[in-house]
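**Student:** What follows is the file entry11.cif, containing mmCIF, C-alpha atoms:
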data_entry
loop_
_atom_site.group_PDB
_atom_site.id
_atom_site.type_symbol
_atom_site.label_atom_id
_atom_site.label_comp_id
_atom_site.auth_asym_id
_atom_site.auth_seq_id
_atom_site.Cartn_x
_atom_site.Cartn_y
_atom_site.Cartn_z
ATOM 1 C CA LYS A 1 -12.012 4.686 -6.145
ATOM 2 C CA GLN A 2 -15.337 6.422 -6.555
ATOM 3 C CA MET A 3 -15.865 6.678 -2.785
ATOM 4 C CA ASN A 4 -14.454 9.406 -0.620
ATOM 5 C CA ASP A 5 -12.540 8.653 2.572
ATOM 6 C CA THR A 6 -15.497 9.478 4.837
ATOM 7 C CA ILE A 7 -17.673 6.824 3.171
ATOM 8 C CA ILE A 8 -14.817 4.316 3.205
ATOM 9 C CA ARG A 9 -14.366 4.833 6.953
ATOM 10 C CA GLN A 10 -18.103 4.251 7.456
ATOM 11 C CA ILE A 11 -18.461 0.993 5.518
ATOM 12 C CA ALA A 12 -15.060 -0.697 5.828
ATOM 13 C CA LYS A 13 -15.709 -2.083 9.319
ATOM 14 C CA ASP A 14 -18.995 -3.651 8.154
ATOM 15 C CA ILE A 15 -17.206 -5.310 5.251
ATOM 16 C CA MET A 16 -14.446 -6.553 7.559
ATOM 17 C CA THR A 17 -16.950 -8.172 9.936
ATOM 18 C CA SER A 18 -18.955 -9.846 7.188
ATOM 19 C CA CYS A 19 -16.320 -11.112 4.727
ATOM 20 C CA PRO A 20 -13.215 -13.251 5.006
ATOM 21 C CA TYR A 21 -10.200 -11.102 4.168
ATOM 22 C CA SER A 22 -6.474 -10.799 4.679
ATOM 23 C CA LEU A 23 -4.929 -7.432 5.362
ATOM 24 C CA LEU A 24 -1.182 -7.121 4.918
ATOM 25 C CA THR A 25 0.593 -3.849 5.595
ATOM 26 C CA LEU A 26 3.994 -3.135 4.114
ATOM 27 C CA ARG A 27 5.476 -0.464 6.347
ATOM 28 C CA ASN A 28 7.530 2.215 4.642
ATOM 29 C CA GLU A 29 10.757 1.098 6.351
ATOM 30 C CA LYS A 30 10.363 -2.396 4.873
ATOM 31 C CA TYR A 31 9.257 -0.986 1.508
ATOM 32 C CA ASN A 32 12.413 1.161 1.363
ATOM 33 C CA GLU A 33 14.579 -1.808 2.359
ATOM 34 C CA LEU A 34 13.095 -4.018 -0.374
ATOM 35 C CA GLN A 35 13.327 -1.212 -2.931
ATOM 36 C CA MET A 36 17.032 -0.797 -2.118
ATOM 37 C CA LYS A 37 17.457 -4.539 -2.725
ATOM 38 C CA GLY A 38 16.048 -4.081 -6.237
ATOM 39 C CA TYR A 39 12.413 -5.033 -5.689
ATOM 40 C CA SER A 40 10.030 -3.067 -7.887
ATOM 41 C CA GLN A 41 6.667 -1.862 -6.634
ATOM 42 C CA GLY A 42 5.067 -4.467 -8.893
ATOM 43 C CA LYS A 43 7.074 -7.299 -7.354
ATOM 44 C CA MET A 44 6.236 -6.186 -3.817
ATOM 45 C CA LYS A 45 2.576 -5.896 -4.754
ATOM 46 C CA ALA A 46 2.546 -9.354 -6.378
ATOM 47 C CA ILE A 47 4.148 -10.966 -3.318
ATOM 48 C CA LEU A 48 1.631 -9.301 -1.000
ATOM 49 C CA HIS A 49 -1.320 -10.234 -3.228
ATOM 50 C CA ASN A 50 -0.162 -13.840 -3.371
ATOM 51 C CA GLN A 51 0.230 -14.010 0.425
ATOM 52 C CA ALA A 52 -3.191 -12.428 0.980
ATOM 53 C CA LEU A 53 -4.758 -14.960 -1.404
ATOM 54 C CA GLN A 54 -3.090 -17.808 0.476
ATOM 55 C CA ASN A 55 -4.386 -16.423 3.770
ATOM 56 C CA VAL A 56 -7.968 -16.104 2.519
ATOM 57 C CA LEU A 57 -7.927 -19.560 0.950
ATOM 58 C CA THR A 58 -6.765 -20.958 4.292
ATOM 59 C CA LYS A 59 -9.544 -19.092 6.123
ATOM 60 C CA ILE A 60 -12.298 -20.406 3.845
ATOM 61 C CA ALA A 61 -10.951 -23.966 3.492
ATOM 62 C CA PRO A 62 -12.221 -26.522 2.680
ATOM 63 C CA GLU A 63 -14.405 -24.291 0.522
ATOM 64 C CA GLN A 64 -12.768 -23.287 -2.767
ATOM 65 C CA PRO A 65 -13.762 -20.303 -4.899
ATOM 66 C CA ASP A 66 -14.843 -20.849 -8.492
ATOM 67 C CA TYR A 67 -12.386 -18.133 -9.515
ATOM 68 C CA ILE A 68 -10.078 -15.572 -7.961
ATOM 69 C CA LEU A 69 -10.107 -12.119 -9.510
ATOM 70 C CA ILE A 70 -7.153 -9.760 -9.087
ATOM 71 C CA ASP A 71 -7.148 -6.113 -10.085
ATOM 72 C CA GLN A 72 -4.464 -6.269 -12.765
ATOM 73 C CA PHE A 73 -1.402 -4.133 -12.102
ATOM 74 C CA ALA A 74 0.919 -6.207 -14.311
ATOM 75 C CA GLU A 75 0.583 -8.567 -17.255
ATOM 76 C CA ARG A 76 -0.144 -12.152 -16.189
ATOM 77 C CA SER A 77 3.329 -13.413 -17.182
ATOM 78 C CA VAL A 78 5.016 -10.527 -15.344
ATOM 79 C CA TYR A 79 2.867 -11.090 -12.243
ATOM 80 C CA TYR A 80 3.871 -14.764 -12.056
ATOM 81 C CA ASN A 81 7.488 -13.938 -12.876
ATOM 82 C CA TYR A 82 7.540 -11.716 -9.771
ATOM 83 C CA LEU A 83 6.466 -14.758 -7.759
ATOM 84 C CA LYS A 84 8.908 -17.267 -9.261
ATOM 85 C CA ASN A 85 10.928 -17.568 -6.022
ATOM 86 C CA SER A 86 7.874 -17.853 -3.754
ATOM 87 C CA LYS A 87 7.242 -21.115 -1.913
ATOM 88 C CA HIS A 88 3.532 -21.290 -2.663
ATOM 89 C CA ILE A 89 2.003 -19.552 -5.650
ATOM 90 C CA VAL A 90 -1.757 -19.238 -5.964
ATOM 91 C CA GLN A 91 -2.418 -19.941 -9.646
ATOM 92 C CA ASN A 92 -5.476 -22.152 -9.778
ATOM 93 C CA ARG A 93 -8.478 -20.349 -11.315
ATOM 94 C CA VAL A 94 -6.835 -16.917 -11.017
ATOM 95 C CA LEU A 95 -8.056 -14.172 -13.334
ATOM 96 C CA LEU A 96 -6.550 -10.711 -13.734
ATOM 97 C CA ALA A 97 -8.535 -7.743 -15.037
ATOM 98 C CA THR A 98 -7.983 -4.011 -15.092
ATOM 99 C CA LYS A 99 -10.500 -2.022 -13.072
ATOM 100 C CA ALA A 100 -11.572 -5.282 -11.449
ATOM 101 C CA GLU A 101 -13.260 -3.379 -8.608
ATOM 102 C CA SER A 102 -15.926 -2.387 -11.135
ATOM 103 C CA LEU A 103 -16.318 -6.017 -12.257
ATOM 104 C CA HIS A 104 -16.801 -7.797 -8.930
ATOM 105 C CA ILE A 105 -17.935 -6.739 -5.487
ATOM 106 C CA ALA A 106 -15.180 -8.790 -3.801
ATOM 107 C CA VAL A 107 -12.454 -6.712 -5.457
ATOM 108 C CA ALA A 108 -14.300 -3.503 -4.577
ATOM 109 C CA ALA A 109 -14.553 -4.692 -0.959
ATOM 110 C CA ALA A 110 -10.824 -5.478 -0.903
ATOM 111 C CA SER A 111 -10.061 -2.003 -2.257
ATOM 112 C CA ILE A 112 -12.202 -0.425 0.450
ATOM 113 C CA ILE A 113 -10.463 -2.440 3.181
ATOM 114 C CA ALA A 114 -7.039 -1.494 1.794
ATOM 115 C CA ARG A 115 -7.914 2.209 1.654
ATOM 116 C CA TYR A 116 -9.363 2.055 5.173
ATOM 117 C CA ALA A 117 -6.143 0.470 6.474
ATOM 118 C CA PHE A 118 -4.153 3.226 4.774
ATOM 119 C CA LEU A 119 -6.335 5.906 6.399
ATOM 120 C CA VAL A 120 -5.931 4.300 9.831
ATOM 121 C CA GLU A 121 -2.140 4.254 9.399
ATOM 122 C CA MET A 122 -2.169 7.894 8.297
ATOM 123 C CA ASP A 123 -4.236 8.741 11.397
ATOM 124 C CA LYS A 124 -1.679 6.999 13.633
ATOM 125 C CA MET A 125 1.237 8.824 12.036
ATOM 126 C CA SER A 126 -0.612 12.150 12.184
ATOM 127 C CA LYS A 127 -1.190 11.613 15.905
ATOM 128 C CA GLN A 128 2.492 10.781 16.342
ATOM 129 C CA PHE A 129 3.519 14.054 14.652
ATOM 130 C CA GLY A 130 0.803 16.158 16.226
ATOM 131 C CA TYR A 131 -0.702 17.406 12.975
ATOM 132 C CA PRO A 132 -2.522 15.906 9.974
ATOM 133 C CA LEU A 133 -0.151 14.398 7.441
ATOM 134 C CA GLN A 134 -0.881 15.054 3.782
ATOM 135 C CA LYS A 135 -1.674 12.105 1.531
ATOM 136 C CA GLY A 136 -0.445 11.620 -2.016
ATOM 137 C CA ALA A 137 1.856 13.995 -3.865
ATOM 138 C CA GLY A 138 2.053 17.671 -4.600
ATOM 139 C CA ALA A 139 3.202 20.947 -3.117
ATOM 140 C CA LYS A 140 1.413 20.448 0.234
ATOM 141 C CA VAL A 141 3.094 17.077 0.697
ATOM 142 C CA ASP A 142 6.491 18.567 -0.175
ATOM 143 C CA GLU A 143 5.954 21.375 2.358
ATOM 144 C CA MET A 144 4.933 18.931 5.059
ATOM 145 C CA ALA A 145 7.948 16.685 4.368
ATOM 146 C CA ALA A 146 10.282 19.699 4.556
ATOM 147 C CA LYS A 147 8.688 20.595 7.905
ATOM 148 C CA ILE A 148 9.346 17.066 9.174
ATOM 149 C CA LEU A 149 12.970 17.397 8.086
ATOM 150 C CA LYS A 150 13.180 20.657 10.030
ATOM 151 C CA THR A 151 11.530 19.426 13.222
ATOM 152 C CA HIS A 152 12.843 15.865 13.193
ATOM 153 C CA ASP A 153 15.466 14.403 10.877
ATOM 154 C CA GLU A 154 16.020 12.542 7.627
ATOM 155 C CA GLU A 155 15.654 9.126 9.282
ATOM 156 C CA THR A 156 12.207 10.085 10.594
ATOM 157 C CA LEU A 157 11.115 11.216 7.147
ATOM 158 C CA ARG A 158 12.533 8.033 5.628
ATOM 159 C CA SER A 159 10.467 5.952 8.056
ATOM 160 C CA ILE A 160 7.175 7.449 6.881
ATOM 161 C CA THR A 161 7.811 7.847 3.158
ATOM 162 C CA LYS A 162 8.703 5.870 0.094
ATOM 163 C CA TRP A 163 12.197 7.256 -0.051
ATOM 164 C CA HIS A 164 12.844 6.912 -3.793
ATOM 165 C CA PHE A 165 9.763 8.934 -4.782
ATOM 166 C CA ALA A 166 10.317 12.353 -6.366
ATOM 167 C CA ASN A 167 8.675 14.007 -3.338
ATOM 168 C CA THR A 168 11.757 13.199 -1.288
ATOM 169 C CA ASP A 169 14.099 15.258 -3.453
ATOM 170 C CA LYS A 170 11.557 18.079 -3.658
ATOM 171 C CA ALA A 171 11.182 18.102 0.126
ATOM 172 C CA LYS A 172 14.945 18.123 0.658
ATOM 173 C CA ALA A 173 15.373 21.027 -1.778
ATOM 174 C CA LEU A 174 12.533 22.922 -0.122
ATOM 175 C CA TYR A 175 14.015 22.280 3.319
ATOM 176 C CA HIS A 176 17.405 23.629 2.230
ATOM 177 C CA LYS A 177 15.813 26.652 0.548
ATOM 178 C CA LYS A 178 13.439 27.529 3.426
ATOM 179 C CA TYR A 179 15.262 26.481 6.533
ATOM 180 C CA ARG A 180 18.960 26.233 5.747
ATOM 181 C CA SER A 181 19.606 29.394 3.750
#
Please express the file's structure as structure tokens.

**Tutor:**
Amino acid sequence: KQMNDTIIRQIAKDIMTSCPYSLLTLRNEKYNELQMKGYSQGKMKAILHNQALQNVLTKIAPEQPDYILIDQFAERSVYYNYLKNSKHIVQNRVLLATKAESLHIAVAAASIIARYAFLVEMDKMSKQFGYPLQKGAGAKVDEMAAKILKTHDEETLRSITKWHFANTDKAKALYHKKYRS
């Protein structure tokens, strides 16, 4: 979180070639589908973390880590409650800590890989639209989303956004104010 995107782009590939990792991408269409089914962001994140841990443990087998550290985004009991219907739950020697990327290099490396994957996806979508897409939230993002509504349609915007976020309503209002009045 202390690195800018330029540095992340420079070092992520080196990390990915030197460390076992699992990269799972939850596309916005699937995110929106799960959210409509009642999945919280925390539950989706827990399921993805658990799957990534399983994948890495499989890659490094028969070697076993002394401990597994997860950057805590939910209390331990809540995290495991999210996973209660999962087939395989990684629980052995799992630790959760806030700001874990500052506690262990492996968590920092995972954060860098995740951010790099996000940047690559944003690059792909920007290329698809023909202009750089804004990241995050704020007025620029709302403007860009309204522009996408104008030049494409609601389904296109839905496919590249987390539909339930406040930005969606702001973008729709801006679209109606700027382009439909």

**Student:** Could you please determine the separation between atom CA of A:Ile8 and atom CA of A:Lys43 in Å, to one decimal place?

**Tutor:**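 Computing it gives 26.9 Å between the two atoms.
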
**Student:** Between atom CA of A:Ala106 and atom CA of A:Gln10, what distance in Å does the model show, to one decimal?

**Tutor:**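 Value for the atom CA of A:Ala106-atom CA of A:Gln10 distance: 17.5 Å.
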
**Student:** Which residues, named as in the file, does the PyMOL selection byres ((chain A and resi 65) around 12) pick out? Answer as a list of chain:residue names.

**Tutor:**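 So the PyMOL selection byres ((chain A and resi 65) around 12), applied here, picks out A:Leu53, A:Val56, A:Leu57, A:Thr58, A:Lys59, A:Ile60, A:Ala61, A:Pro62, A:Glu63, A:Gln64, A:Asp66, A:Tyr67, A:Ile68, A:Leu69, A:Asn92, A:Arg93, A:Val94, A:Leu95, A:Ala106.
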
**Student:** In Å to one decimal, how far is atom CA of A:Gly42 from atom CA of A:Ile89?

**Tutor:** 15.7 Å

**Student:** Can you give me, as a PyMOL selection string, the residues this file yields under the PyMOL selection byres ((chain A and resi 33-41) around 12)?

**Tutor:** chain A and resi 26-32+42-48+73-74+78-79+82-83+158-159+161-165

**Student:** Evaluated on this file, the PyMOL selection byres ((chain A and resi 15) around 12) picks out some residues - which ones are they, written as a VMD selection string?

**Tutor:** chain A and resid 8 to 14 16 to 21 105 to 114 116

**Student:** Around stretch 2-20 of chain A, with edges along x, y and z and 8 Å added on all six sides, what centre and edge lengths do you get, in Å to one decimal, as JSON?

**Tutor:**
{"center_x": -15.8, "center_y": -1.9, "center_z": 1.7, "size_x": 22.5, "size_y": 38.7, "size_z": 32.5}
